[in-house]
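Next comes input.csv, a file with CSV, C-alpha atoms.
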```csv
chain,number,residue,atom,x,y,z
R,1,MET,CA,0.0,0.0,0.0
R,2,ASN,CA,1.4,3.4,-0.9
R,3,LEU,CA,2.0,6.1,1.7
R,4,LYS,CA,-0.9,8.3,0.5
R,5,HIS,CA,-3.4,5.5,1.2
R,6,ARG,CA,-1.6,4.5,4.5
R,7,VAL,CA,-2.1,8.1,5.7
R,8,LYS,CA,-5.8,8.0,4.7
R,9,HIS,CA,-6.4,4.7,6.6
R,10,PHE,CA,-4.6,5.9,9.7
R,11,TRP,CA,-6.9,8.9,10.0
R,12,GLN,CA,-9.9,6.7,9.5
R,13,TYR,CA,-8.8,4.6,12.4
R,14,PHE,CA,-7.9,7.6,14.5
R,15,GLU,CA,-11.5,8.9,14.2
R,16,THR,CA,-12.8,5.8,15.7
R,17,ILE,CA,-11.0,6.4,19.0
R,18,GLN,CA,-10.7,10.2,18.9
R,19,LYS,CA,-13.4,10.8,21.5
R,20,ASP,CA,-11.8,8.3,23.8
R,21,ILE,CA,-8.5,10.1,23.6
R,22,GLU,CA,-10.1,13.5,24.2
R,23,LEU,CA,-11.9,12.0,27.3
R,24,CYS,CA,-8.6,10.7,28.6
R,25,LEU,CA,-7.0,14.1,28.2
R,26,LYS,CA,-9.9,15.9,29.9
R,27,GLU,CA,-10.0,13.4,32.8
R,28,HIS,CA,-6.2,13.1,33.1
R,29,ASP,CA,-6.5,9.3,32.7
R,30,GLN,CA,-2.9,8.7,31.8
R,31,HIS,CA,-3.1,4.9,32.0
R,32,GLU,CA,-5.9,4.6,29.5
R,33,LEU,CA,-4.3,7.3,27.3
R,34,ASN,CA,-1.0,5.3,27.2
R,35,HIS,CA,-2.9,2.2,26.2
R,36,LEU,CA,-4.6,4.1,23.3
R,37,LEU,CA,-1.3,5.7,22.2
R,38,GLU,CA,0.6,2.4,22.3
R,39,ASP,CA,-1.5,1.1,19.4
R,40,LEU,CA,-1.6,4.4,17.5
R,41,ASN,CA,2.2,4.9,17.8
R,42,ALA,CA,2.9,1.3,16.6
R,43,ARG,CA,1.0,2.2,13.4
R,44,LEU,CA,2.6,5.6,13.1
R,45,VAL,CA,6.2,4.3,13.3
R,46,ASN,CA,5.5,2.1,10.3
R,47,ILE,CA,3.8,4.9,8.4
R,48,VAL,CA,5.8,8.1,9.1
R,49,GLY,CA,8.7,6.9,11.3
R,50,THR,CA,7.8,8.7,14.5
R,51,LYS,CA,5.3,8.7,17.4
R,52,MET,CA,2.7,11.2,18.3
R,53,GLU,CA,2.5,13.3,21.5
R,54,VAL,CA,-0.9,14.5,22.6
R,55,GLU,CA,-1.9,17.0,25.3
R,56,LEU,CA,-4.7,19.3,26.4
R,57,ASN,CA,-2.8,22.6,26.5
R,58,GLU,CA,-3.3,25.5,29.0
R,59,ASN,CA,-5.7,27.2,26.6
R,60,GLY,CA,-8.0,24.2,26.5
R,61,PHE,CA,-7.1,23.0,23.0
R,62,TYR,CA,-6.2,19.5,22.1
R,63,GLU,CA,-2.8,19.3,20.6
R,64,MET,CA,-1.0,16.7,18.6
R,65,THR,CA,2.8,16.8,17.8
R,66,PHE,CA,5.0,14.6,15.6
R,67,PRO,CA,8.6,15.2,16.6
R,68,SER,CA,11.0,14.3,13.9
R,69,GLY,CA,14.4,14.9,15.5
R,70,GLY,CA,15.4,16.6,12.3
R,71,ASP,CA,14.9,13.5,10.2
R,72,LYS,CA,13.9,14.7,6.7
R,73,ASN,CA,12.1,11.4,5.9
R,74,VAL,CA,10.0,11.8,8.9
R,75,GLN,CA,9.3,15.5,8.2
R,76,PHE,CA,8.1,14.9,4.7
R,77,CYS,CA,5.9,12.0,5.8
R,78,THR,CA,4.4,13.9,8.8
R,79,ALA,CA,3.8,17.0,6.7
R,80,LEU,CA,1.7,14.8,4.4
R,81,LEU,CA,0.0,13.3,7.4
R,82,ILE,CA,-1.0,16.7,8.7
R,83,LYS,CA,-2.0,18.0,5.3
R,84,ASP,CA,-4.4,15.0,4.8
R,85,ALA,CA,-5.9,15.1,8.3
R,86,PRO,CA,-9.7,15.2,8.4
R,87,GLN,CA,-11.0,18.8,8.2
R,88,GLN,CA,-13.0,18.4,11.4
R,89,LEU,CA,-9.9,17.3,13.3
R,90,LYS,CA,-8.0,20.3,12.1
R,91,GLU,CA,-10.8,22.5,13.5
R,92,ASP,CA,-10.8,20.8,16.9
R,93,TRP,CA,-7.1,20.1,17.4
R,94,ILE,CA,-3.8,21.9,17.0
R,95,LEU,CA,-1.7,19.7,14.7
R,96,ASN,CA,2.1,20.1,14.7
R,97,ALA,CA,4.0,18.2,12.0
R,98,TRP,CA,7.2,18.9,14.0
R,99,ARG,CA,8.0,20.1,17.5
R,100,PRO,CA,7.0,23.8,18.0
R,101,PRO,CA,9.0,26.1,20.3
R,102,LEU,CA,8.0,26.6,24.0
R,103,SER,CA,5.3,23.9,24.1
R,104,GLU,CA,3.7,22.7,27.3
R,105,LYS,CA,6.0,19.8,27.2
R,106,ALA,CA,9.0,22.1,27.2
R,107,LEU,CA,7.7,24.3,29.9
R,108,ASN,CA,7.0,21.3,32.2
R,109,SER,CA,10.1,19.3,31.3
R,110,PHE,CA,12.8,18.5,33.8
R,111,ILE,CA,15.7,16.1,34.3
R,112,ASP,CA,17.1,14.4,37.4
R,113,CYS,CA,20.8,14.2,37.7
R,114,ASN,CA,22.9,13.2,40.7
R,115,GLY,CA,19.9,13.6,43.0
R,116,LYS,CA,19.1,17.1,41.7
R,117,HIS,CA,16.1,18.5,39.7
R,118,TYR,CA,17.0,20.6,36.6
R,119,THR,CA,14.6,22.5,34.3
R,120,GLY,CA,15.2,24.6,31.2
R,121,ALA,CA,16.1,27.5,33.4
R,122,ASP,CA,19.2,25.6,34.6
R,123,PHE,CA,20.7,25.7,31.1
R,124,LYS,CA,22.6,28.8,29.9
R,125,VAL,CA,23.1,29.5,26.2
R,126,TYR,CA,26.1,31.6,25.0
R,127,TYR,CA,25.7,32.6,21.3
R,128,ASN,CA,27.8,34.2,18.6
R,129,ILE,CA,26.2,35.5,15.3
R,130,ASN,CA,27.7,33.9,12.2
R,131,THR,CA,27.0,36.7,9.7
R,132,ASP,CA,28.3,34.8,6.7
R,133,LEU,CA,26.0,31.8,7.3
R,134,LYS,CA,23.2,33.8,8.9
R,135,MET,CA,23.2,31.3,11.8
R,136,LEU,CA,24.3,31.0,15.4
R,137,ASP,CA,27.2,29.2,17.0
R,138,ILE,CA,26.3,28.3,20.5
R,139,LYS,CA,27.8,27.0,23.7
R,140,VAL,CA,25.5,25.5,26.4
R,141,TYR,CA,26.3,25.2,30.1
R,142,SER,CA,24.5,23.5,32.9
R,143,GLU,CA,25.5,22.2,36.3
R,144,ALA,CA,23.7,19.0,35.2
R,145,PHE,CA,26.5,18.2,32.8
R,146,LYS,CA,28.9,17.4,35.6
R,147,GLY,CA,29.7,13.7,35.5
R,148,MET,CA,28.1,13.2,32.1
R,149,ASP,CA,30.1,11.8,29.2
R,150,GLU,CA,30.3,14.1,26.2
R,151,ASP,CA,28.0,12.0,24.0
R,152,TYR,CA,25.2,12.1,26.6
R,153,ARG,CA,25.7,15.8,27.1
R,154,ASN,CA,25.4,16.5,23.4
R,155,ARG,CA,22.2,14.4,23.0
R,156,LEU,CA,20.6,15.9,26.1
R,157,THR,CA,21.4,19.4,24.9
R,158,ALA,CA,20.0,18.8,21.4
R,159,TYR,CA,16.8,17.5,22.9
R,160,MET,CA,16.5,20.4,25.3
R,161,LEU,CA,17.1,22.9,22.5
R,162,GLU,CA,14.5,21.1,20.3
R,163,LEU,CA,12.0,21.4,23.2
R,164,PHE,CA,12.5,25.1,23.8
R,165,ILE,CA,13.3,26.6,20.4
R,166,GLY,CA,11.5,24.0,18.3
R,167,GLU,CA,12.7,21.9,15.4
R,168,LEU,CA,12.4,24.7,12.8
R,169,GLU,CA,14.7,27.2,14.5
R,170,LEU,CA,17.1,24.5,15.6
R,171,GLU,CA,17.6,23.4,12.0
R,172,ALA,CA,17.5,26.8,10.4
R,173,ARG,CA,19.4,28.9,12.9
R,174,ILE,CA,21.9,26.8,14.8
R,175,ASN,CA,25.2,26.1,13.0
R,176,SER,CA,27.2,24.5,15.8
R,177,ILE,CA,26.6,23.4,19.4
R,178,GLU,CA,29.2,22.9,22.1
R,179,THR,CA,28.5,21.8,25.6
R,180,ILE,CA,30.8,23.3,28.3
R,181,LEU,CA,31.5,22.3,31.9
R,182,GLU,CA,32.3,25.8,33.2
R,183,GLU,CA,30.4,29.1,32.8
R,184,SER,CA,31.8,31.5,30.1
R,185,GLU,CA,32.6,35.2,30.3
R,186,GLU,CA,30.9,35.8,26.9
R,187,GLU,CA,28.4,38.6,26.9
R,188,ASP,CA,25.7,37.3,24.6
R,189,VAL,CA,24.0,34.8,27.0
R,190,CYS,CA,20.5,33.9,28.0
R,191,LEU,CA,18.7,31.1,29.9
R,192,LEU,CA,17.3,28.4,27.6
R,193,PRO,CA,13.6,29.4,28.1
R,194,ASN,CA,14.5,32.9,26.8
R,195,PHE,CA,16.6,31.7,23.8
R,196,TYR,CA,13.7,31.5,21.3
R,197,GLU,CA,12.8,35.2,22.0
R,198,ASP,CA,16.5,36.1,21.5
R,199,ILE,CA,16.6,34.2,18.2
R,200,CYS,CA,13.5,36.0,17.0
R,201,ASP,CA,15.1,39.4,17.9
R,202,ILE,CA,18.3,38.5,16.0
R,203,ILE,CA,16.3,37.5,12.9
R,204,ILE,CA,14.7,40.9,12.9
R,205,ASP,CA,17.9,42.9,13.7
R,206,GLU,CA,20.0,41.0,11.2
R,207,GLU,CA,17.3,41.0,8.6
R,208,TRP,CA,17.6,37.3,8.1
R,209,SER,CA,15.0,35.4,6.0
R,210,GLU,CA,12.1,33.9,8.0
R,211,TYR,CA,11.2,30.3,7.7
R,212,HIS,CA,7.9,28.7,8.5
R,213,ASP,CA,8.5,25.1,7.5
R,214,PRO,CA,11.6,22.9,7.9
R,215,THR,CA,10.7,21.0,4.7
R,216,MET,CA,11.1,24.3,2.8
R,217,ILE,CA,14.6,25.3,3.8
R,218,TYR,CA,16.7,25.1,0.7
R,219,MET,CA,20.5,24.6,0.6
R,220,ALA,CA,22.7,25.0,-2.4
R,221,TYR,CA,25.9,23.1,-3.3
R,222,LYS,CA,28.3,23.9,-6.1
R,223,LEU,CA,30.0,20.7,-7.5
R,224,ASP,CA,33.3,20.1,-9.1
R,225,GLU,CA,33.0,20.7,-12.9
R,226,LYS,CA,36.4,19.3,-13.8
R,227,LEU,CA,35.1,15.9,-14.9
R,228,PRO,CA,31.9,16.6,-17.0
R,229,SER,CA,29.9,13.6,-18.0
R,230,GLU,CA,26.9,13.0,-20.1
R,231,THR,CA,25.6,10.3,-17.7
R,232,LEU,CA,22.5,11.2,-15.7
R,233,ARG,CA,23.3,12.8,-12.3
R,234,LYS,CA,27.0,12.8,-13.2
R,235,ASP,CA,26.9,16.1,-15.1
R,236,MET,CA,25.6,18.2,-12.1
R,237,LYS,CA,27.1,21.6,-11.5
R,238,MET,CA,24.8,22.8,-8.8
R,239,ILE,CA,22.4,21.1,-6.3
R,240,ILE,CA,19.6,22.9,-4.7
R,241,THR,CA,17.8,20.8,-2.1
R,242,THR,CA,15.5,20.7,0.9
R,243,ASN,CA,17.0,17.3,1.9
R,244,PRO,CA,20.8,17.6,2.3
R,245,GLN,CA,20.8,14.3,4.1
R,246,LEU,CA,19.5,12.5,1.0
R,247,GLN,CA,21.9,14.3,-1.4
R,248,GLU,CA,24.9,13.4,0.8
R,249,GLU,CA,23.9,9.8,0.7
R,250,LEU,CA,23.4,9.8,-3.1
R,251,LEU,CA,26.8,11.4,-3.7
R,252,ASN,CA,28.3,8.7,-1.6
R,253,GLN,CA,26.2,6.0,-3.4
R,254,GLU,CA,24.4,5.2,-0.2
R,255,TYR,CA,20.6,4.7,-0.1
R,256,GLU,CA,19.4,4.4,3.5
R,257,SER,CA,16.9,7.3,3.2
R,258,CYS,CA,15.6,5.8,-0.1
R,259,LYS,CA,15.2,2.4,1.6
R,260,GLU,CA,13.3,3.9,4.5
R,261,MET,CA,10.9,5.7,2.3
R,262,LYS,CA,10.4,2.5,0.2
R,263,GLN,CA,9.3,0.7,3.4
R,264,ARG,CA,6.7,3.4,4.0
R,265,GLY,CA,5.2,3.0,0.6
R,266,ALA,CA,6.9,6.0,-0.9
R,267,GLU,CA,10.1,6.7,-2.9
R,268,TYR,CA,12.6,9.4,-3.8
R,269,GLY,CA,13.4,10.0,-7.5
R,270,TYR,CA,14.0,12.7,-10.0
R,271,LEU,CA,12.5,14.2,-13.1
R,272,PHE,CA,14.9,15.3,-15.8
R,273,TYR,CA,14.9,17.0,-19.2
R,274,GLU,CA,17.6,18.2,-21.6
R,275,VAL,CA,19.0,21.7,-20.8
R,276,LEU,CA,17.3,24.3,-23.0
R,277,TYR,CA,19.1,27.6,-22.1
R,278,GLU,CA,22.2,29.2,-20.6
R,279,ASP,CA,22.8,28.9,-16.9
R,280,GLU,CA,20.7,31.8,-15.5
R,281,LYS,CA,17.7,31.3,-17.7
R,282,GLU,CA,17.9,27.5,-17.3
R,283,ALA,CA,17.9,28.0,-13.5
R,284,LEU,CA,14.8,30.2,-13.6
R,285,LEU,CA,13.0,27.7,-15.8
R,286,ARG,CA,13.9,24.7,-13.6
R,287,GLN,CA,12.8,26.7,-10.5
R,288,GLN,CA,9.4,27.7,-12.0
R,289,LEU,CA,8.8,24.2,-13.3
R,290,GLU,CA,9.5,22.8,-9.9
R,291,LYS,CA,7.0,25.2,-8.3
R,292,GLU,CA,4.3,24.3,-10.8
R,293,ILE,CA,4.8,20.6,-10.5
R,294,ASN,CA,4.8,20.8,-6.7
R,295,LYS,CA,1.5,22.8,-6.7
R,296,MET,CA,-0.2,20.3,-8.9
R,297,LEU,CA,1.0,17.0,-7.4
R,298,TYR,CA,1.2,18.0,-3.7
R,299,ASP,CA,-2.4,19.2,-3.7
R,300,MET,CA,-3.4,15.7,-4.8
R,301,SER,CA,-1.0,14.1,-2.2
R,302,ILE,CA,0.8,12.3,-5.0
R,303,ALA,CA,4.3,13.8,-4.6
R,304,ARG,CA,6.2,16.9,-3.6
R,305,THR,CA,9.3,18.5,-5.1
R,306,ILE,CA,12.4,18.7,-2.9
R,307,GLY,CA,14.8,20.7,-5.0
R,308,GLY,CA,16.9,19.4,-7.8
R,309,ALA,CA,20.0,20.2,-9.8
R,310,ILE,CA,21.4,22.0,-12.8
R,311,GLY,CA,23.7,19.9,-15.0
R,312,ILE,CA,25.8,20.4,-18.1
R,313,HIS,CA,23.4,18.3,-20.2
R,314,TYR,CA,20.3,17.9,-18.1
R,315,SER,CA,18.2,19.7,-15.5
R,316,TYR,CA,16.7,17.8,-12.6
R,317,ILE,CA,13.7,18.2,-10.3
R,318,ASP,CA,13.9,15.9,-7.3
R,319,VAL,CA,10.7,14.5,-5.8
R,320,ALA,CA,9.4,12.5,-2.9
R,321,VAL,CA,6.6,10.3,-4.4
R,322,PHE,CA,3.8,9.2,-2.1
R,323,ASP,CA,1.7,7.4,-4.8
R,324,VAL,CA,3.9,6.0,-7.5
R,325,ASP,CA,1.1,4.8,-9.8
R,326,GLY,CA,-0.7,8.2,-9.5
R,327,PHE,CA,2.6,10.0,-10.1
R,328,LEU,CA,3.3,8.1,-13.3
R,329,ILE,CA,-0.2,8.8,-14.6
R,330,ALA,CA,0.2,12.5,-13.7
R,331,LEU,CA,3.5,12.6,-15.5
R,332,GLU,CA,2.0,11.2,-18.6
R,333,LYS,CA,-0.7,13.9,-18.6
R,334,MET,CA,1.9,16.6,-17.9
R,335,ASN,CA,3.9,15.5,-20.9
R,336,GLU,CA,0.9,15.8,-23.2
R,337,LYS,CA,0.9,19.6,-22.4
R,338,MET,CA,4.7,20.2,-22.3
R,339,LYS,CA,6.8,21.6,-25.1
R,340,PHE,CA,9.6,19.3,-24.1
R,341,LYS,CA,9.5,15.9,-22.4
R,342,LEU,CA,10.0,15.1,-18.7
R,343,TYR,CA,11.4,11.7,-17.8
R,344,TYR,CA,11.4,10.1,-14.4
R,345,ARG,CA,13.7,7.7,-12.5
R,346,PRO,CA,13.7,6.6,-8.9
R,347,PHE,CA,17.0,6.9,-7.0
R,348,LEU,CA,16.7,3.4,-5.7
R,349,THR,CA,16.3,1.0,-8.6
R,350,ASP,CA,16.8,-2.4,-6.9
```

Could you render the structure from this file as structure tokens?
Amino acid sequence: MNLKHRVKHFWQYFETIQKDIELCLKEHDQHELNHLLEDLNARLVNIVGTKMEVELNENGFYEMTFPSGGDKNVQFCTALLIKDAPQQLKEDWILNAWRPPLSEKALNSFIDCNGKHYTGADFKVYYNINTDLKMLDIKVYSEAFKGMDEDYRNRLTAYMLELFIGELELEARINSIETILEESEEEDVCLLPNFYEDICDIIIDEEWSEYHDPTMIYMAYKLDEKLPSETLRKDMKMIITTNPQLQEELLNQEYESCKEMKQRGAEYGYLFYEVLYEDEKEALLRQQLEKEINKMLYDMSIARTIGGAIGIHYSYIDVAVFDVDGFLIALEKMNEKMKFKLYYRPFLTD
């Protein structure tokens, strides 16, 4: 079954127990809630690769969150999940396809280390503005780090940052993270619960671009042109992508992301066509074509574009395909209206 249909069937099942979940949240029946979530999350891990968190927030709204941990496969799948949620559910619940900043979970979180109780306010964040990258390099200190090995400190810090500033800003704004065992003399410092507000102020002051969706953060890579080739994907001069993890794997001829998506009833692939113009005009054509294809196919939950590449001989539009059969039919219809032909290949052909 393809991912599009798996998502549809999940929501059909969820609606059969939705009232039970809402009642558990209202009555604070954690035991029964855990029982209901155990079944739901077993399904979700197979469909999108993560579990859901639910809560009744302080404003009385039901809230559902799908933390991704920065995994692009999960983000693309949960974005589709939220997009295709029943309309009534969207009206009754707050649905988060990734962890938002300063959630109830963040504000109520704590850790116990060496017999002491630590909250977000026990973490200090020292930050430096990297004007070239338009990101922040940070150091994080907490008394809780004492006695922890470096790997555990790093994982704990990444989790606490995700809770307090959200997945979007963690991915878009944080260039490097260092955990330190002694307080610093650096001037730009704040407590972790205040860090999100500081980031927002920096974005305004530095006039950085604002992002609203981690699946729409594009990165560009210029490739070595010394060995041009006429072979597909070997002639690339520039890669523009919202999934750098996938591109790194492909360049190294590794396919873990592709295999994961295949297990969920989806696949990564690329559309390609022969280069028609010089570099700048070709780049504009590819970009416009990507937008038009995404608008048409994502509205139907068939696929979404995730960037692409400009090559010496070909231009590429990379796609995450959620319904392969529907995608191939749509491609055939697109080609009937195109002045040039688009071709498609999956990245994983085994």

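With all atoms listed in the file taken into account, the protein and nucleic acid residues at most 7 Å from segment 104-111 of chain R (excluding it and anything under 3 positions from it in its own chain) are Asn57, His117, Tyr118, Thr119, Leu163 and Phe164 of chain R.
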
Near segment 139-143 of chain R, within 8 Å and counting all atoms listed in the file, which residues show up once chain neighbours fewer than 6 positions away are dropped, as a PyMOL selection string? chain R and resi 122-127+157+177-183

Using only C-alpha atoms, find each residue in segment 234-345 of chain R having at least one atom no more than 12 Å away from segment 42-56 of chain R; report its shortest atom-to-atom pair and that distance in Å (one decimal), rows by chain then rising number, as CSV.
```
residue,atom,partner,partner_atom,distance
R:Ser257,CA,R:Gly49,CA,11.5
R:Glu260,CA,R:Gly49,CA,8.7
R:Met261,CA,R:Val48,CA,8.8
R:Lys262,CA,R:Ile47,CA,10.8
R:Gln263,CA,R:Asn46,CA,8.0
R:Arg264,CA,R:Ile47,CA,5.5
R:Gly265,CA,R:Ile47,CA,8.1
R:Ala266,CA,R:Ile47,CA,9.9
R:Phe322,CA,R:Ile47,CA,11.3
```

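Coordinates place atom CA of Leu170 of chain R at a distance of 15.0 Å from atom CA of Ala97 of chain R.
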
Test item: residues at most 10 Å from Asn96 of chain R, all atoms listed in the file, excluding those fewer than 4 positions along its chain, as a VMD selection string: chain R and resid 52 to 53 63 to 67 78 to 79 82 100

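Atom CA of Thr241 of chain R to atom CA of Lys90 of chain R spans 29.5 Å [interatomic distance, one decimal].
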
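One finds atom CA of Trp98 of chain R at 16.9 Å from atom CA of Glu210 of chain R.
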
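Using only C-alpha atoms, the smallest distance between any of R:Leu25, R:Ile317, R:Met135, R:Val74 and Ile202 of chain R comes from R:Met135.
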
Would you mind listing what lies within 12 Å of His313 of chain R as an mmCIF file with C-alpha atoms, keeping the file's coordinate frame, with all atoms listed in the file counted and same-chain residues fewer than 3 positions away left out?
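Heads up, here's the output in selection_34.cif:
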```cif
data_model
loop_
_atom_site.group_PDB
_atom_site.id
_atom_site.type_symbol
_atom_site.label_atom_id
_atom_site.label_comp_id
_atom_site.auth_asym_id
_atom_site.auth_seq_id
_atom_site.Cartn_x
_atom_site.Cartn_y
_atom_site.Cartn_z
ATOM 1 C CA PRO R 228 31.900 16.600 -17.000
ATOM 2 C CA SER R 229 29.900 13.600 -18.000
ATOM 3 C CA GLU R 230 26.900 13.000 -20.100
ATOM 4 C CA THR R 231 25.600 10.300 -17.700
ATOM 5 C CA LEU R 232 22.500 11.200 -15.700
ATOM 6 C CA ARG R 233 23.300 12.800 -12.300
ATOM 7 C CA LYS R 234 27.000 12.800 -13.200
ATOM 8 C CA ASP R 235 26.900 16.100 -15.100
ATOM 9 C CA MET R 236 25.600 18.200 -12.100
ATOM 10 C CA LYS R 237 27.100 21.600 -11.500
ATOM 11 C CA PHE R 272 14.900 15.300 -15.800
ATOM 12 C CA TYR R 273 14.900 17.000 -19.200
ATOM 13 C CA GLU R 274 17.600 18.200 -21.600
ATOM 14 C CA VAL R 275 19.000 21.700 -20.800
ATOM 15 C CA LEU R 276 17.300 24.300 -23.000
ATOM 16 C CA TYR R 277 19.100 27.600 -22.100
ATOM 17 C CA GLU R 278 22.200 29.200 -20.600
ATOM 18 C CA ASP R 279 22.800 28.900 -16.900
ATOM 19 C CA GLU R 282 17.900 27.500 -17.300
ATOM 20 C CA ALA R 309 20.000 20.200 -9.800
ATOM 21 C CA ILE R 310 21.400 22.000 -12.800
ATOM 22 C CA TYR R 316 16.700 17.800 -12.600
#
```

Save segment 188-256 of chain R from what I just supplied, as an mmCIF file, in the first residue's frame, atoms limited to C-alpha atoms.
```
data_model
loop_
_atom_site.group_PDB
_atom_site.id
_atom_site.type_symbol
_atom_site.label_atom_id
_atom_site.label_comp_id
_atom_site.auth_asym_id
_atom_site.auth_seq_id
_atom_site.Cartn_x
_atom_site.Cartn_y
_atom_site.Cartn_z
ATOM 1 C CA ASP R 188 25.670 37.261 24.638
ATOM 2 C CA VAL R 189 24.009 34.791 26.965
ATOM 3 C CA CYS R 190 20.502 33.858 28.046
ATOM 4 C CA LEU R 191 18.674 31.123 29.891
ATOM 5 C CA LEU R 192 17.302 28.409 27.639
ATOM 6 C CA PRO R 193 13.601 29.376 28.123
ATOM 7 C CA ASN R 194 14.481 32.867 26.774
ATOM 8 C CA PHE R 195 16.588 31.698 23.835
ATOM 9 C CA TYR R 196 13.721 31.490 21.336
ATOM 10 C CA GLU R 197 12.841 35.157 21.958
ATOM 11 C CA ASP R 198 16.485 36.125 21.471
ATOM 12 C CA ILE R 199 16.594 34.211 18.180
ATOM 13 C CA CYS R 200 13.474 36.037 16.963
ATOM 14 C CA ASP R 201 15.073 39.395 17.861
ATOM 15 C CA ILE R 202 18.285 38.474 16.031
ATOM 16 C CA ILE R 203 16.335 37.476 12.906
ATOM 17 C CA ILE R 204 14.711 40.918 12.885
ATOM 18 C CA ASP R 205 17.866 42.862 13.742
ATOM 19 C CA GLU R 206 20.036 41.025 11.206
ATOM 20 C CA GLU R 207 17.253 41.008 8.573
ATOM 21 C CA TRP R 208 17.557 37.259 8.067
ATOM 22 C CA SER R 209 15.002 35.375 5.990
ATOM 23 C CA GLU R 210 12.131 33.936 7.992
ATOM 24 C CA TYR R 211 11.180 30.262 7.694
ATOM 25 C CA HIS R 212 7.853 28.689 8.535
ATOM 26 C CA ASP R 213 8.467 25.090 7.525
ATOM 27 C CA PRO R 214 11.634 22.948 7.896
ATOM 28 C CA THR R 215 10.747 21.043 4.724
ATOM 29 C CA MET R 216 11.097 24.300 2.759
ATOM 30 C CA ILE R 217 14.612 25.275 3.829
ATOM 31 C CA TYR R 218 16.712 25.141 0.661
ATOM 32 C CA MET R 219 20.473 24.599 0.628
ATOM 33 C CA ALA R 220 22.724 24.991 -2.426
ATOM 34 C CA TYR R 221 25.914 23.106 -3.256
ATOM 35 C CA LYS R 222 28.318 23.868 -6.083
ATOM 36 C CA LEU R 223 29.956 20.717 -7.455
ATOM 37 C CA ASP R 224 33.294 20.088 -9.137
ATOM 38 C CA GLU R 225 32.994 20.661 -12.907
ATOM 39 C CA LYS R 226 36.423 19.271 -13.807
ATOM 40 C CA LEU R 227 35.066 15.918 -14.937
ATOM 41 C CA PRO R 228 31.932 16.622 -16.987
ATOM 42 C CA SER R 229 29.910 13.580 -17.977
ATOM 43 C CA GLU R 230 26.882 12.977 -20.150
ATOM 44 C CA THR R 231 25.641 10.346 -17.687
ATOM 45 C CA LEU R 232 22.538 11.220 -15.664
ATOM 46 C CA ARG R 233 23.323 12.826 -12.294
ATOM 47 C CA LYS R 234 27.038 12.808 -13.187
ATOM 48 C CA ASP R 235 26.864 16.124 -15.051
ATOM 49 C CA MET R 236 25.559 18.174 -12.122
ATOM 50 C CA LYS R 237 27.110 21.602 -11.513
ATOM 51 C CA MET R 238 24.775 22.830 -8.773
ATOM 52 C CA ILE R 239 22.444 21.052 -6.334
ATOM 53 C CA ILE R 240 19.557 22.904 -4.682
ATOM 54 C CA THR R 241 17.832 20.785 -2.068
ATOM 55 C CA THR R 242 15.514 20.718 0.929
ATOM 56 C CA ASN R 243 16.960 17.315 1.852
ATOM 57 C CA PRO R 244 20.757 17.620 2.273
ATOM 58 C CA GLN R 245 20.839 14.282 4.096
ATOM 59 C CA LEU R 246 19.532 12.511 0.986
ATOM 60 C CA GLN R 247 21.925 14.327 -1.352
ATOM 61 C CA GLU R 248 24.931 13.431 0.775
ATOM 62 C CA GLU R 249 23.894 9.784 0.708
ATOM 63 C CA LEU R 250 23.400 9.822 -3.057
ATOM 64 C CA LEU R 251 26.788 11.429 -3.703
ATOM 65 C CA ASN R 252 28.337 8.667 -1.579
ATOM 66 C CA GLN R 253 26.232 6.029 -3.371
ATOM 67 C CA GLU R 254 24.373 5.210 -0.173
ATOM 68 C CA TYR R 255 20.611 4.729 -0.125
ATOM 69 C CA GLU R 256 19.419 4.430 3.492
#
```
